[in-house]
$ cat upload18.tsv   # TSV, C-alpha atoms and all ligand atoms
chain	number	residue	atom	x	y	z
A	1089	MET	CA	-70.69	-4.34	25.94
A	1090	SER	CA	-70.37	-1.25	23.75
A	1091	GLY	CA	-70.00	1.91	25.78
A	1092	THR	CA	-72.06	4.15	23.52
A	1093	VAL	CA	-75.19	1.99	23.02
A	1094	SER	CA	-77.15	0.44	25.91
A	1095	PRO	CA	-80.31	-1.69	25.79
A	1096	SER	CA	-82.86	-0.50	28.37
A	1097	PHE	CA	-83.38	-4.12	29.54
A	1098	ASP	CA	-81.44	-7.39	29.82
A	1099	LEU	CA	-81.51	-9.17	26.44
A	1100	ASN	CA	-80.61	-12.46	28.18
A	1101	ALA	CA	-83.50	-12.49	30.67
A	1102	GLU	CA	-86.45	-14.86	30.24
A	1103	GLY	CA	-89.81	-13.48	29.08
A	1104	LYS	CA	-90.99	-10.61	26.92
A	1105	GLU	CA	-89.72	-7.07	27.28
A	1106	LYS	CA	-89.93	-3.96	25.18
A	1107	GLY	CA	-87.70	-0.93	25.43
A	1108	TYR	CA	-84.98	0.89	23.57
A	1109	LEU	CA	-81.43	0.82	22.42
A	1110	ILE	CA	-80.22	4.08	23.97
A	1111	ILE	CA	-77.52	5.74	21.89
A	1112	GLY	CA	-75.48	8.72	23.01
A	1113	ASP	CA	-76.28	11.69	20.75
A	1114	SER	CA	-75.44	15.37	20.57
A	1115	THR	CA	-77.52	17.78	18.50
A	1116	ASN	CA	-77.67	21.56	18.11
A	1117	GLU	CA	-80.87	21.55	20.16
A	1118	SER	CA	-79.71	19.07	22.79
A	1119	GLY	CA	-76.01	18.67	23.49
A	1120	TRP	CA	-76.38	15.71	25.86
A	1121	ALA	CA	-79.19	13.75	24.22
A	1122	ASN	CA	-80.09	10.06	23.99
A	1123	PHE	CA	-81.30	8.67	20.66
A	1124	HIS	CA	-83.88	5.89	21.12
A	1125	VAL	CA	-84.34	2.88	18.83
A	1126	PRO	CA	-87.25	0.58	19.89
A	1127	ILE	CA	-86.26	-3.06	20.54
A	1128	ILE	CA	-88.31	-6.04	21.73
A	1129	LYS	CA	-87.09	-9.37	23.12
A	1130	ILE	CA	-89.12	-12.56	23.60
A	1131	LYS	CA	-87.23	-15.41	25.30
A	1132	ASN	CA	-88.33	-18.85	26.43
A	1133	GLY	CA	-85.60	-21.28	27.50
A	1134	ASP	CA	-82.72	-22.58	25.44
A	1135	GLY	CA	-82.95	-22.59	21.66
A	1136	PRO	CA	-81.89	-20.54	18.68
A	1137	THR	CA	-81.73	-16.75	18.71
A	1138	VAL	CA	-83.24	-15.01	15.69
A	1139	LEU	CA	-82.70	-11.29	15.12
A	1140	VAL	CA	-85.56	-9.70	13.13
A	1141	LEU	CA	-84.67	-6.37	11.49
A	1142	ALA	CA	-86.65	-3.99	9.28
A	1143	GLY	CA	-86.42	-0.36	8.25
A	1144	ASN	CA	-82.76	-0.73	7.30
A	1145	HIS	CA	-83.81	1.69	4.56
A	1146	GLY	CA	-86.38	4.21	5.79
A	1147	ASP	CA	-88.88	4.20	2.90
A	1148	GLU	CA	-89.32	0.41	2.87
A	1149	TYR	CA	-92.35	-0.11	5.10
A	1150	GLU	CA	-93.67	-3.65	4.50
A	1151	GLY	CA	-91.05	-5.25	6.76
A	1152	GLN	CA	-91.53	-2.54	9.40
A	1153	PHE	CA	-95.25	-3.41	9.60
A	1154	ALA	CA	-94.54	-7.16	9.79
A	1155	ALA	CA	-91.85	-6.74	12.47
A	1156	ALA	CA	-94.01	-4.37	14.54
A	1157	GLU	CA	-96.95	-6.79	14.44
A	1158	LEU	CA	-94.68	-9.68	15.44
A	1159	ALA	CA	-93.33	-7.57	18.32
A	1160	ARG	CA	-96.85	-6.85	19.57
A	1161	GLU	CA	-98.29	-10.35	19.21
A	1162	LEU	CA	-95.54	-12.94	19.79
A	1163	LEU	CA	-95.66	-14.41	23.31
A	1164	PRO	CA	-92.94	-16.31	25.21
A	1165	ASP	CA	-94.90	-19.58	25.26
A	1166	GLN	CA	-94.95	-19.54	21.43
A	1167	VAL	CA	-91.14	-19.32	21.31
A	1168	HIS	CA	-88.39	-21.90	21.69
A	1169	GLY	CA	-85.26	-19.82	22.26
A	1170	ARG	CA	-85.17	-16.08	21.69
A	1171	VAL	CA	-86.49	-13.56	19.16
A	1172	ILE	CA	-85.01	-10.05	19.21
A	1173	ILE	CA	-86.89	-7.53	17.06
A	1174	ILE	CA	-85.88	-4.04	15.90
A	1175	PRO	CA	-88.92	-3.01	13.79
A	1176	CYS	CA	-87.27	0.13	12.43
A	1177	LEU	CA	-83.50	0.50	12.31
A	1178	SER	CA	-83.42	3.81	10.44
A	1179	GLN	CA	-85.85	5.81	12.57
A	1180	THR	CA	-85.11	9.24	11.13
A	1181	ALA	CA	-85.23	7.97	7.53
A	1182	SER	CA	-88.53	6.15	8.10
A	1183	LYS	CA	-90.05	9.35	9.54
A	1184	ALA	CA	-88.73	11.36	6.59
A	1185	GLY	CA	-89.96	8.79	4.05
A	1186	THR	CA	-86.48	8.46	2.59
A	1187	ARG	CA	-84.07	5.63	1.90
A	1188	HIS	CA	-81.17	7.32	3.67
A	1189	TRP	CA	-80.95	9.01	7.06
A	1190	PRO	CA	-81.36	12.82	6.90
A	1191	SER	CA	-77.59	12.95	7.57
A	1192	GLY	CA	-77.14	11.32	4.14
A	1193	VAL	CA	-76.11	7.96	5.60
A	1194	ASN	CA	-77.13	4.74	3.84
A	1195	PHE	CA	-77.45	2.48	6.91
A	1196	ASN	CA	-76.90	-0.57	4.73
A	1197	ARG	CA	-73.37	0.67	3.96
A	1198	SER	CA	-72.51	1.47	7.59
A	1199	PHE	CA	-71.16	-1.89	8.77
A	1200	PRO	CA	-69.25	-2.92	10.81
A	1201	GLY	CA	-69.85	0.54	12.29
A	1202	ASP	CA	-67.90	2.73	14.69
A	1203	GLU	CA	-68.69	3.04	18.39
A	1204	ASN	CA	-67.32	6.58	18.41
A	1205	GLY	CA	-69.03	7.70	15.20
A	1206	ALA	CA	-72.42	9.21	14.43
A	1207	VAL	CA	-75.61	7.61	15.80
A	1208	SER	CA	-75.91	5.40	12.69
A	1209	ASP	CA	-72.29	4.22	13.11
A	1210	LYS	CA	-72.83	3.47	16.81
A	1211	LEU	CA	-75.99	1.50	16.04
A	1212	ALA	CA	-74.25	-0.52	13.30
A	1213	HIS	CA	-71.32	-1.21	15.65
A	1214	PHE	CA	-73.65	-2.45	18.41
A	1215	ILE	CA	-75.51	-4.75	15.99
A	1216	SER	CA	-72.24	-6.06	14.55
A	1217	THR	CA	-70.43	-6.64	17.86
A	1218	GLU	CA	-73.27	-7.41	20.31
A	1219	LEU	CA	-76.27	-8.75	18.37
A	1220	PHE	CA	-74.82	-10.73	15.44
A	1221	PRO	CA	-72.52	-12.79	17.71
A	1222	ILE	CA	-75.52	-14.00	19.78
A	1223	SER	CA	-77.75	-14.61	16.71
A	1224	ASP	CA	-78.12	-17.94	14.90
A	1225	ALA	CA	-80.15	-16.28	12.16
A	1226	VAL	CA	-80.78	-12.73	10.99
A	1227	VAL	CA	-83.87	-11.52	9.10
A	1228	ASP	CA	-83.30	-8.28	7.12
A	1229	MET	CA	-86.48	-7.17	5.33
A	1230	HIS	CA	-86.20	-4.75	2.41
A	1231	SER	CA	-88.36	-3.58	-0.45
A	1232	GLY	CA	-87.70	-1.27	-3.39
A	1233	GLY	CA	-88.34	1.99	-1.53
A	1234	ARG	CA	-89.46	4.87	-3.72
A	1235	GLY	CA	-86.92	4.21	-6.45
A	1236	MET	CA	-87.70	0.62	-7.43
A	1237	TYR	CA	-90.45	-1.98	-7.42
A	1238	PHE	CA	-89.43	-5.62	-6.93
A	1239	ILE	CA	-91.66	-8.56	-7.67
A	1240	PRO	CA	-92.25	-9.44	-3.99
A	1241	CYS	CA	-89.55	-11.99	-3.24
A	1242	SER	CA	-86.98	-13.43	-0.92
A	1243	HIS	CA	-83.51	-13.46	-2.42
A	1244	MET	CA	-79.88	-14.32	-1.85
A	1245	ILE	CA	-76.35	-13.56	-2.90
A	1246	TRP	CA	-74.81	-16.54	-4.75
A	1247	VAL	CA	-71.86	-17.08	-2.39
A	1248	SER	CA	-68.96	-19.33	-3.39
A	1249	ASN	CA	-68.97	-21.40	-0.16
A	1250	LYS	CA	-71.30	-24.28	-1.05
A	1251	SER	CA	-72.45	-25.30	2.42
A	1252	GLN	CA	-73.24	-21.68	3.26
A	1253	ARG	CA	-74.98	-21.33	-0.12
A	1254	SER	CA	-77.23	-24.33	0.49
A	1255	ARG	CA	-78.25	-22.94	3.90
A	1256	MET	CA	-79.05	-19.60	2.24
A	1257	ILE	CA	-81.13	-21.35	-0.45
A	1258	SER	CA	-83.12	-23.20	2.22
A	1259	SER	CA	-83.75	-19.93	4.13
A	1260	MET	CA	-84.71	-18.11	0.94
A	1261	ILE	CA	-87.24	-20.74	-0.13
A	1262	SER	CA	-88.86	-20.78	3.32
A	1263	TRP	CA	-90.31	-17.29	2.71
A	1264	ASN	CA	-92.68	-18.99	0.21
A	1265	THR	CA	-92.73	-16.14	-2.34
A	1266	SER	CA	-93.69	-16.84	-5.97
A	1267	HIS	CA	-90.24	-15.74	-7.16
A	1268	HIS	CA	-86.75	-15.89	-5.66
A	1269	LEU	CA	-84.05	-13.54	-6.96
A	1270	ILE	CA	-80.42	-14.61	-7.19
A	1271	PHE	CA	-77.91	-11.75	-7.08
A	1272	PRO	CA	-74.16	-11.43	-7.45
A	1273	GLU	CA	-72.14	-9.43	-4.94
A	1274	GLN	CA	-73.07	-5.77	-5.47
A	1275	PRO	CA	-70.58	-4.10	-7.83
A	1276	GLY	CA	-68.56	-1.22	-6.44
A	1277	THR	CA	-69.54	-2.12	-2.87
A	1278	ASN	CA	-67.60	-3.73	-0.03
A	1279	PRO	CA	-69.93	-6.68	0.82
A	1280	ALA	CA	-68.98	-6.51	4.50
A	1281	SER	CA	-70.30	-2.92	4.67
A	1282	LEU	CA	-73.86	-4.24	4.15
A	1283	LEU	CA	-75.84	-5.41	7.14
A	1284	PRO	CA	-76.51	-8.89	5.68
A	1285	GLY	CA	-72.90	-9.07	4.44
A	1286	ASP	CA	-71.58	-8.47	7.95
A	1287	ALA	CA	-74.04	-11.01	9.40
A	1288	GLU	CA	-72.99	-13.56	6.78
A	1289	ARG	CA	-69.30	-12.87	7.55
A	1290	GLN	CA	-70.07	-13.74	11.18
A	1291	GLY	CA	-71.66	-17.05	10.16
A	1292	THR	CA	-75.34	-16.42	10.87
A	1293	ASP	CA	-78.11	-17.81	8.70
A	1294	LEU	CA	-79.80	-15.13	6.63
A	1295	TYR	CA	-83.33	-14.34	5.49
A	1296	THR	CA	-83.41	-11.38	3.10
A	1297	THR	CA	-86.31	-9.99	1.07
A	1298	GLU	CA	-87.40	-7.38	-1.45
A	1299	LEU	CA	-91.13	-7.11	-0.84
A	1300	GLY	CA	-92.40	-4.60	-3.41
A	1301	GLY	CA	-91.66	-0.88	-3.18
A	1302	ALA	CA	-92.31	2.22	-5.29
A	1303	GLY	CA	-93.20	4.19	-2.18
A	1304	VAL	CA	-96.32	2.19	-1.39
A	1305	ALA	CA	-96.90	-0.75	0.95
A	1306	THR	CA	-100.01	-2.56	-0.29
A	1307	TYR	CA	-102.18	-5.13	1.48
A	1308	GLU	CA	-100.67	-7.81	-0.76
A	1309	THR	CA	-96.99	-6.92	-0.20
A	1310	THR	CA	-97.46	-6.45	3.55
A	1311	LYS	CA	-99.21	-9.84	3.77
A	1312	ILE	CA	-96.25	-11.45	1.96
A	1313	ALA	CA	-93.99	-9.83	4.58
A	1314	LYS	CA	-96.06	-11.10	7.52
A	1315	ASP	CA	-96.69	-14.62	6.19
A	1316	GLY	CA	-93.09	-15.05	5.07
A	1317	LEU	CA	-91.67	-13.83	8.37
A	1318	SER	CA	-93.89	-16.22	10.30
A	1319	ASN	CA	-92.79	-19.20	8.19
A	1320	ALA	CA	-89.12	-18.13	8.33
A	1321	LEU	CA	-89.26	-18.16	12.15
A	1322	ARG	CA	-90.63	-21.73	11.98
A	1323	HIS	CA	-87.85	-22.63	9.52
A	1324	ALA	CA	-85.26	-21.15	11.90
A	1325	GLY	CA	-86.65	-23.32	14.71
A	1326	VAL	CA	-87.47	-20.46	17.07
A	1327	ILE	CA	-91.22	-21.02	16.63
A	1328	PRO	CA	-91.62	-24.76	17.29
A	1329	LEU	CA	-94.03	-25.55	14.45
A	1330	PRO	CA	-93.15	-27.22	11.14
A	1331	PRO	CA	-92.58	-24.71	8.31
A	1332	GLN	CA	-95.08	-24.91	5.47
A	1333	THR	CA	-94.15	-25.23	1.79
A	1334	ARG	CA	-95.86	-23.51	-1.14
A	1335	GLN	CA	-97.09	-26.93	-2.21
A	1336	GLU	CA	-98.73	-27.50	1.19
A	1337	LEU	CA	-100.38	-24.08	0.84
A	1338	GLY	CA	-101.76	-25.04	-2.61
A	1339	LEU	CA	-99.49	-22.57	-4.44
A	1340	SER	CA	-97.55	-23.04	-7.68
A	1341	ALA	CA	-93.85	-23.91	-7.55
A	1342	PRO	CA	-91.58	-20.85	-7.22
A	1343	ILE	CA	-89.55	-19.40	-10.09
A	1344	PHE	CA	-85.88	-18.56	-9.59
A	1345	LEU	CA	-84.63	-15.48	-11.46
A	1346	ASP	CA	-80.88	-15.50	-12.03
A	1347	MET	CA	-79.70	-11.87	-11.95
A	1348	ARG	CA	-75.98	-12.53	-11.68
A	1349	GLY	CA	-75.03	-11.43	-15.19
A	1350	SER	CA	-74.25	-7.77	-15.87
A	1351	ASN	CA	-76.74	-7.75	-18.79
A	1352	SER	CA	-79.56	-8.26	-16.25
A	1353	TYR	CA	-79.22	-4.62	-15.24
A	1354	VAL	CA	-80.82	-1.91	-17.38
A	1355	TYR	CA	-79.87	1.73	-16.78
A	1356	ALA	CA	-81.26	5.06	-17.97
A	1357	MET	CA	-78.69	6.68	-20.21
A	1358	ASP	CA	-80.65	9.96	-20.46
A	1359	ALA	CA	-82.48	12.18	-18.00
A	1360	GLY	CA	-86.26	12.49	-18.15
A	1361	VAL	CA	-89.42	10.78	-16.97
A	1362	TYR	CA	-89.43	6.99	-17.22
A	1363	GLU	CA	-92.43	4.91	-18.26
A	1364	ASN	CA	-92.39	1.15	-17.47
A	1365	LEU	CA	-93.59	-0.88	-20.47
A	1366	ILE	CA	-93.32	-4.41	-19.04
A	1367	PRO	CA	-94.85	-5.46	-15.71
A	1368	VAL	CA	-92.79	-7.44	-13.21
A	1369	GLY	CA	-93.18	-11.17	-13.73
A	1370	GLU	CA	-93.52	-10.82	-17.54
A	1371	HIS	CA	-91.10	-12.14	-20.16
A	1372	VAL	CA	-89.11	-9.78	-22.37
A	1373	LYS	CA	-86.77	-10.52	-25.28
A	1374	GLU	CA	-83.29	-9.09	-25.76
A	1375	GLY	CA	-83.53	-5.83	-27.73
A	1376	GLU	CA	-87.18	-5.19	-26.86
A	1377	PRO	CA	-88.03	-1.95	-25.02
A	1378	VAL	CA	-88.63	-2.30	-21.26
A	1379	GLY	CA	-89.41	1.39	-20.90
A	1380	MET	CA	-89.32	4.85	-22.42
A	1381	ILE	CA	-87.83	8.13	-21.22
A	1382	HIS	CA	-90.03	11.13	-21.96
A	1383	ASN	CA	-88.84	14.71	-22.30
A	1384	MET	CA	-91.64	16.65	-20.65
A	1385	ASP	CA	-90.08	20.01	-21.59
A	1386	HIS	CA	-90.52	18.97	-25.23
A	1387	PRO	CA	-93.33	16.39	-25.27
A	1388	SER	CA	-93.43	16.40	-29.08
A	1389	VAL	CA	-89.89	14.95	-29.11
A	1390	LYS	CA	-90.01	11.17	-29.53
A	1391	ALA	CA	-89.51	9.32	-26.25
A	1392	ILE	CA	-86.26	7.35	-25.95
A	1393	GLU	CA	-86.67	3.58	-25.81
A	1394	VAL	CA	-84.70	1.70	-23.14
A	1395	LEU	CA	-83.91	-1.81	-24.38
A	1396	ALA	CA	-83.55	-5.14	-22.61
A	1397	ARG	CA	-79.94	-6.33	-22.74
A	1398	GLN	CA	-80.96	-10.01	-22.41
A	1399	SER	CA	-84.08	-12.15	-22.66
A	1400	GLY	CA	-85.74	-13.14	-19.40
A	1401	VAL	CA	-88.34	-12.13	-16.83
A	1402	VAL	CA	-88.61	-8.60	-15.44
A	1403	GLY	CA	-88.03	-8.91	-11.69
A	1404	VAL	CA	-87.49	-5.23	-10.88
A	1405	MET	CA	-88.96	-2.12	-12.50
A	1406	ARG	CA	-88.61	1.59	-11.90
A	1407	GLY	CA	-90.58	3.08	-8.97
A	1408	PHE	CA	-90.25	6.88	-8.87
A	1409	PRO	CA	-90.47	7.95	-12.56
A	1410	ARG	CA	-87.96	10.80	-12.80
A	1411	VAL	CA	-84.57	9.45	-13.86
A	1412	THR	CA	-81.13	10.76	-14.54
A	1413	LEU	CA	-78.11	9.31	-16.32
A	1414	GLY	CA	-77.07	6.04	-14.66
A	1415	ASP	CA	-80.28	5.31	-12.71
A	1416	LEU	CA	-81.35	1.66	-12.61
A	1417	VAL	CA	-84.72	1.21	-14.35
A	1418	ALA	CA	-85.13	-2.57	-14.67
A	1419	VAL	CA	-83.53	-5.89	-13.75
A	1420	ILE	CA	-84.19	-8.90	-15.98
A	1421	GLY	CA	-83.51	-12.39	-14.64
A	1422	LYS	CA	-83.08	-15.66	-16.47
A	1423	PRO	CA	-85.90	-17.88	-15.17
A	1424	TYR	CA	-85.34	-21.38	-13.74
A	1425	LYS	CA	-87.89	-23.82	-12.35
A	1426	SER	CA	-85.30	-25.54	-10.17
A	1427	ILE	CA	-82.47	-23.98	-8.19
A	1428	GLU	CA	-80.33	-27.02	-9.12
A	1429	ASP	CA	-80.40	-25.92	-12.78
A	1430	LEU	CA	-78.62	-22.62	-12.14
A	1431	PRO	CA	-75.11	-22.55	-13.61
A	1432	GLU	CA	-72.22	-22.21	-11.17
A	1501	ZN	ZN	-83.49	-1.61	1.21
$ encode --input "upload18.tsv" --output "structure tokens"
Amino acid sequence: MSGTVSPSFDLNAEGKEKGYLIIGDSTNESGWANFHVPIIKIKNGDGPTVLVLAGNHGDEYEGQFAAAELARELLPDQVHGRVIIIPCLSQTASKAGTRHWPSGVNFNRSFPGDENGAVSDKLAHFISTELFPISDAVVDMHSGGRGMYFIPCSHMIWVSNKSQRSRMISSMISWNTSHHLIFPEQPGTNPASLLPGDAERQGTDLYTTELGGAGVATYETTKIAKDGLSNALRHAGVIPLPPQTRQELGLSAPIFLDMRGSNSYVYAMDAGVYENLIPVGEHVKEGEPVGMIHNMDHPSVKAIEVLARQSGVVGVMRGFPRVTLGDLVAVIGKPYKSIEDLPE
């Protein structure tokens, strides 16, 4: 057990308990402080362990609502195995309404952590060394935060290991969203520094989402979070009910958006105020404008068109309108009706 993070109850005990991960902290106001991260455990006999995480980024609230509701309502007799829930990983960022912790830390680049580091490092280290090893599956719920708006979706990284990939596809589809986004490894980023990357490295099954964003959690996006989480827990076998498919729910077949090519990603090459011209879910042709950058100091100056670099479906658009050179403003995926049709 890590010396610098302690759960306030026994994670292996039967039944439902709520408490905290208590993390040694030292601030200007309180030299010998304890930082508290709420954690809930529901255990009923032998079976899989599923770790449900939200608030990895502070300003992504849909998953936090879904995880908090699950933590309040799920009872031991509804569980086969164990569910461990941390409804908000990045407490200080969630309170500040920001993606990153006030210290500047991006928690989703903090893995595998450091037990002697800052609070965020200690928390990442505990999750990596104590929680991932006991988890069969990890749920990590994201949305676009203030900066981006995703068509509400579950998604995956297209890993090279085919058996792992097929497990990830099955998990992704179980969220029952209308679209599923397929990403490459993130450029310029060590994949193991991401929470899901570290979980994947340790062999857990993964459920990852982007449930909307743009600084607002709507009824619709929060419902997608709650319904998807519930079905994912069935899919993982920790809620002993058969998972439902979109077909069984009377919904259309999902669309897979392949976002692995570099031309999927559209960046602002000027500073200004960005206007989205194409809604998420709509088709766009290569060379057509997806948005415009306005110069509000000189509104009579013609706005600069930002062009699609490939034909496809807009899966991500800009959230917060002000942009600067190099900001992502849109992601365009090549649509597929069947996951089997995606090229290697
Ligand atoms: Zn996020």
$ atom_distance --input "upload18.tsv" --atom1 "CA of Asp1358 (chain A)" --atom2 "CA of Thr1186 (chain A)"
23.8 Å
$ residues_around --input "upload18.tsv" --residues "Lys1373 (chain A)" --least-positions-apart "2" --cutoff "10 Å" --atoms "all atoms listed in the file" --output "PyMOL selection string"
chain A and resi 1371+1375-1378+1395-1401+1420
$ residues_around --input "upload18.tsv" --residues "Val1402 (chain A)" --least-positions-apart "3" --cutoff "10 Å" --atoms "all atoms listed in the file" --output "PDB file with C-alpha atoms, in the frame of the given file"
ATOM      1  CA  PHE A1238     -89.430  -5.620  -6.930  1.00  0.00           C
ATOM      2  CA  ILE A1239     -91.660  -8.560  -7.670  1.00  0.00           C
ATOM      3  CA  LEU A1345     -84.630 -15.480 -11.460  1.00  0.00           C
ATOM      4  CA  SER A1352     -79.560  -8.260 -16.250  1.00  0.00           C
ATOM      5  CA  ILE A1366     -93.320  -4.410 -19.040  1.00  0.00           C
ATOM      6  CA  PRO A1367     -94.850  -5.460 -15.710  1.00  0.00           C
ATOM      7  CA  VAL A1368     -92.790  -7.440 -13.210  1.00  0.00           C
ATOM      8  CA  GLY A1369     -93.180 -11.170 -13.730  1.00  0.00           C
ATOM      9  CA  GLU A1370     -93.520 -10.820 -17.540  1.00  0.00           C
ATOM     10  CA  HIS A1371     -91.100 -12.140 -20.160  1.00  0.00           C
ATOM     11  CA  VAL A1372     -89.110  -9.780 -22.370  1.00  0.00           C
ATOM     12  CA  VAL A1378     -88.630  -2.300 -21.260  1.00  0.00           C
ATOM     13  CA  ALA A1396     -83.550  -5.140 -22.610  1.00  0.00           C
ATOM     14  CA  SER A1399     -84.080 -12.150 -22.660  1.00  0.00           C
ATOM     15  CA  MET A1405     -88.960  -2.120 -12.500  1.00  0.00           C
ATOM     16  CA  ALA A1418     -85.130  -2.570 -14.670  1.00  0.00           C
ATOM     17  CA  VAL A1419     -83.530  -5.890 -13.750  1.00  0.00           C
ATOM     18  CA  ILE A1420     -84.190  -8.900 -15.980  1.00  0.00           C
ATOM     19  CA  GLY A1421     -83.510 -12.390 -14.640  1.00  0.00           C
ATOM     20  CA  LYS A1422     -83.080 -15.660 -16.470  1.00  0.00           C
ATOM     21  CA  PRO A1423     -85.900 -17.880 -15.170  1.00  0.00           C
TER      22      PRO A1423
END
$ residues_near_ligand --input "upload18.tsv" --ligand "ligand ZN 1501 (chain A)" --cutoff "6 Å" --atoms "all atoms listed in the file" --output "VMD selection string"
chain A and resid 1145 1230 to 1231
$ atom_distance --input "upload18.tsv" --atom1 "CA of Glu1102 (chain A)" --atom2 "CA of Ala1324 (chain A)"
19.4 Å
$ closest_atom_pairs --input "upload18.tsv" --of "region 1220-1322 of chain A" --to "region 1328-1337 of chain A" --cutoff "7 Å" --atoms "all atoms listed in the file" --output "Markdown table"
| residue | atom | partner | partner_atom | distance |
| --- | --- | --- | --- | --- |
| A:Asn1264 | CA | A:Arg1334 | CA | 5.7 |
| A:Asn1319 | CA | A:Pro1331 | CA | 5.5 |
| A:Arg1322 | CA | A:Pro1331 | CA | 5.1 |
$ closest_residue --input "upload18.tsv" --among "A:Ile1222, A:Val1138, A:Ala1155, A:Leu1294" --to "Gln1252 (chain A)" --atoms "all atoms listed in the file"
A:Leu1294
$ closest_residue --input "upload18.tsv" --among "A:Lys1314, A:Arg1197, A:Lys1129, A:Arg1234" --to "Asp1147 (chain A)" --atoms "only C-alpha atoms"
A:Arg1234
$ atom_distance --input "upload18.tsv" --atom1 "CA of Arg1253 (chain A)" --atom2 "CA of Ser1198 (chain A)"
24.2 Å
$ residues_around --input "upload18.tsv" --residues "region 1215-1218 of chain A" --least-positions-apart "4" --cutoff "9 Å" --atoms "all atoms listed in the file" --output "list in words"
Met1089, Ser1090, Phe1199, Pro1200, Gly1201, Lys1210, Leu1211, Ile1222, Leu1283, Asp1286, Ala1287 and Gln1290 of chain A
$ residues_around --input "upload18.tsv" --residues "Pro1164 (chain A)" --least-positions-apart "4" --cutoff "6 Å" --atoms "all atoms listed in the file" --output "list in words"
Gly1103, Ile1130, Lys1131 and Asn1132 of chain A
$ build_atoms --input "upload18.tsv" --residues "region 1238-1253 of chain A" --atoms "N, CA and C atoms" --output "CSV table (one decimal), keeping the file's coordinate frame"
chain,number,residue,atom,x,y,z
A,1238,PHE,N,-89.8,-4.2,-6.7
A,1238,PHE,CA,-89.4,-5.6,-6.9
A,1238,PHE,C,-90.7,-6.5,-7.0
A,1239,ILE,N,-90.7,-7.5,-7.8
A,1239,ILE,CA,-91.7,-8.6,-7.7
A,1239,ILE,C,-91.4,-9.1,-6.3
A,1240,PRO,N,-92.5,-9.1,-5.4
A,1240,PRO,CA,-92.2,-9.4,-4.0
A,1240,PRO,C,-91.5,-10.8,-3.9
A,1241,CYS,N,-90.4,-10.8,-3.2
A,1241,CYS,CA,-89.6,-12.0,-3.2
A,1241,CYS,C,-88.7,-12.1,-2.0
A,1242,SER,N,-88.2,-13.3,-1.7
A,1242,SER,CA,-87.0,-13.4,-0.9
A,1242,SER,C,-85.8,-13.7,-1.9
A,1243,HIS,N,-84.6,-13.4,-1.5
A,1243,HIS,CA,-83.5,-13.5,-2.4
A,1243,HIS,C,-82.2,-13.9,-1.7
A,1244,MET,N,-81.2,-14.0,-2.4
A,1244,MET,CA,-79.9,-14.3,-1.8
A,1244,MET,C,-78.8,-13.9,-2.8
A,1245,ILE,N,-77.6,-13.7,-2.2
A,1245,ILE,CA,-76.4,-13.6,-2.9
A,1245,ILE,C,-75.8,-15.0,-3.2
A,1246,TRP,N,-75.3,-15.2,-4.4
A,1246,TRP,CA,-74.8,-16.5,-4.8
A,1246,TRP,C,-73.4,-16.6,-4.2
A,1247,VAL,N,-73.2,-17.0,-3.0
A,1247,VAL,CA,-71.9,-17.1,-2.4
A,1247,VAL,C,-71.1,-18.3,-2.9
A,1248,SER,N,-69.8,-18.2,-2.9
A,1248,SER,CA,-69.0,-19.3,-3.4
A,1248,SER,C,-68.9,-20.5,-2.4
A,1249,ASN,N,-69.0,-20.3,-1.1
A,1249,ASN,CA,-69.0,-21.4,-0.2
A,1249,ASN,C,-70.3,-22.2,-0.3
A,1250,LYS,N,-70.1,-23.5,-0.7
A,1250,LYS,CA,-71.3,-24.3,-1.0
A,1250,LYS,C,-72.2,-24.7,0.1
A,1251,SER,N,-71.6,-24.9,1.3
A,1251,SER,CA,-72.4,-25.3,2.4
A,1251,SER,C,-73.2,-24.1,2.9
A,1252,GLN,N,-72.5,-22.9,2.9
A,1252,GLN,CA,-73.2,-21.7,3.3
A,1252,GLN,C,-74.3,-21.4,2.2
A,1253,ARG,N,-74.0,-21.6,0.9
A,1253,ARG,CA,-75.0,-21.3,-0.1
A,1253,ARG,C,-76.2,-22.2,0.1
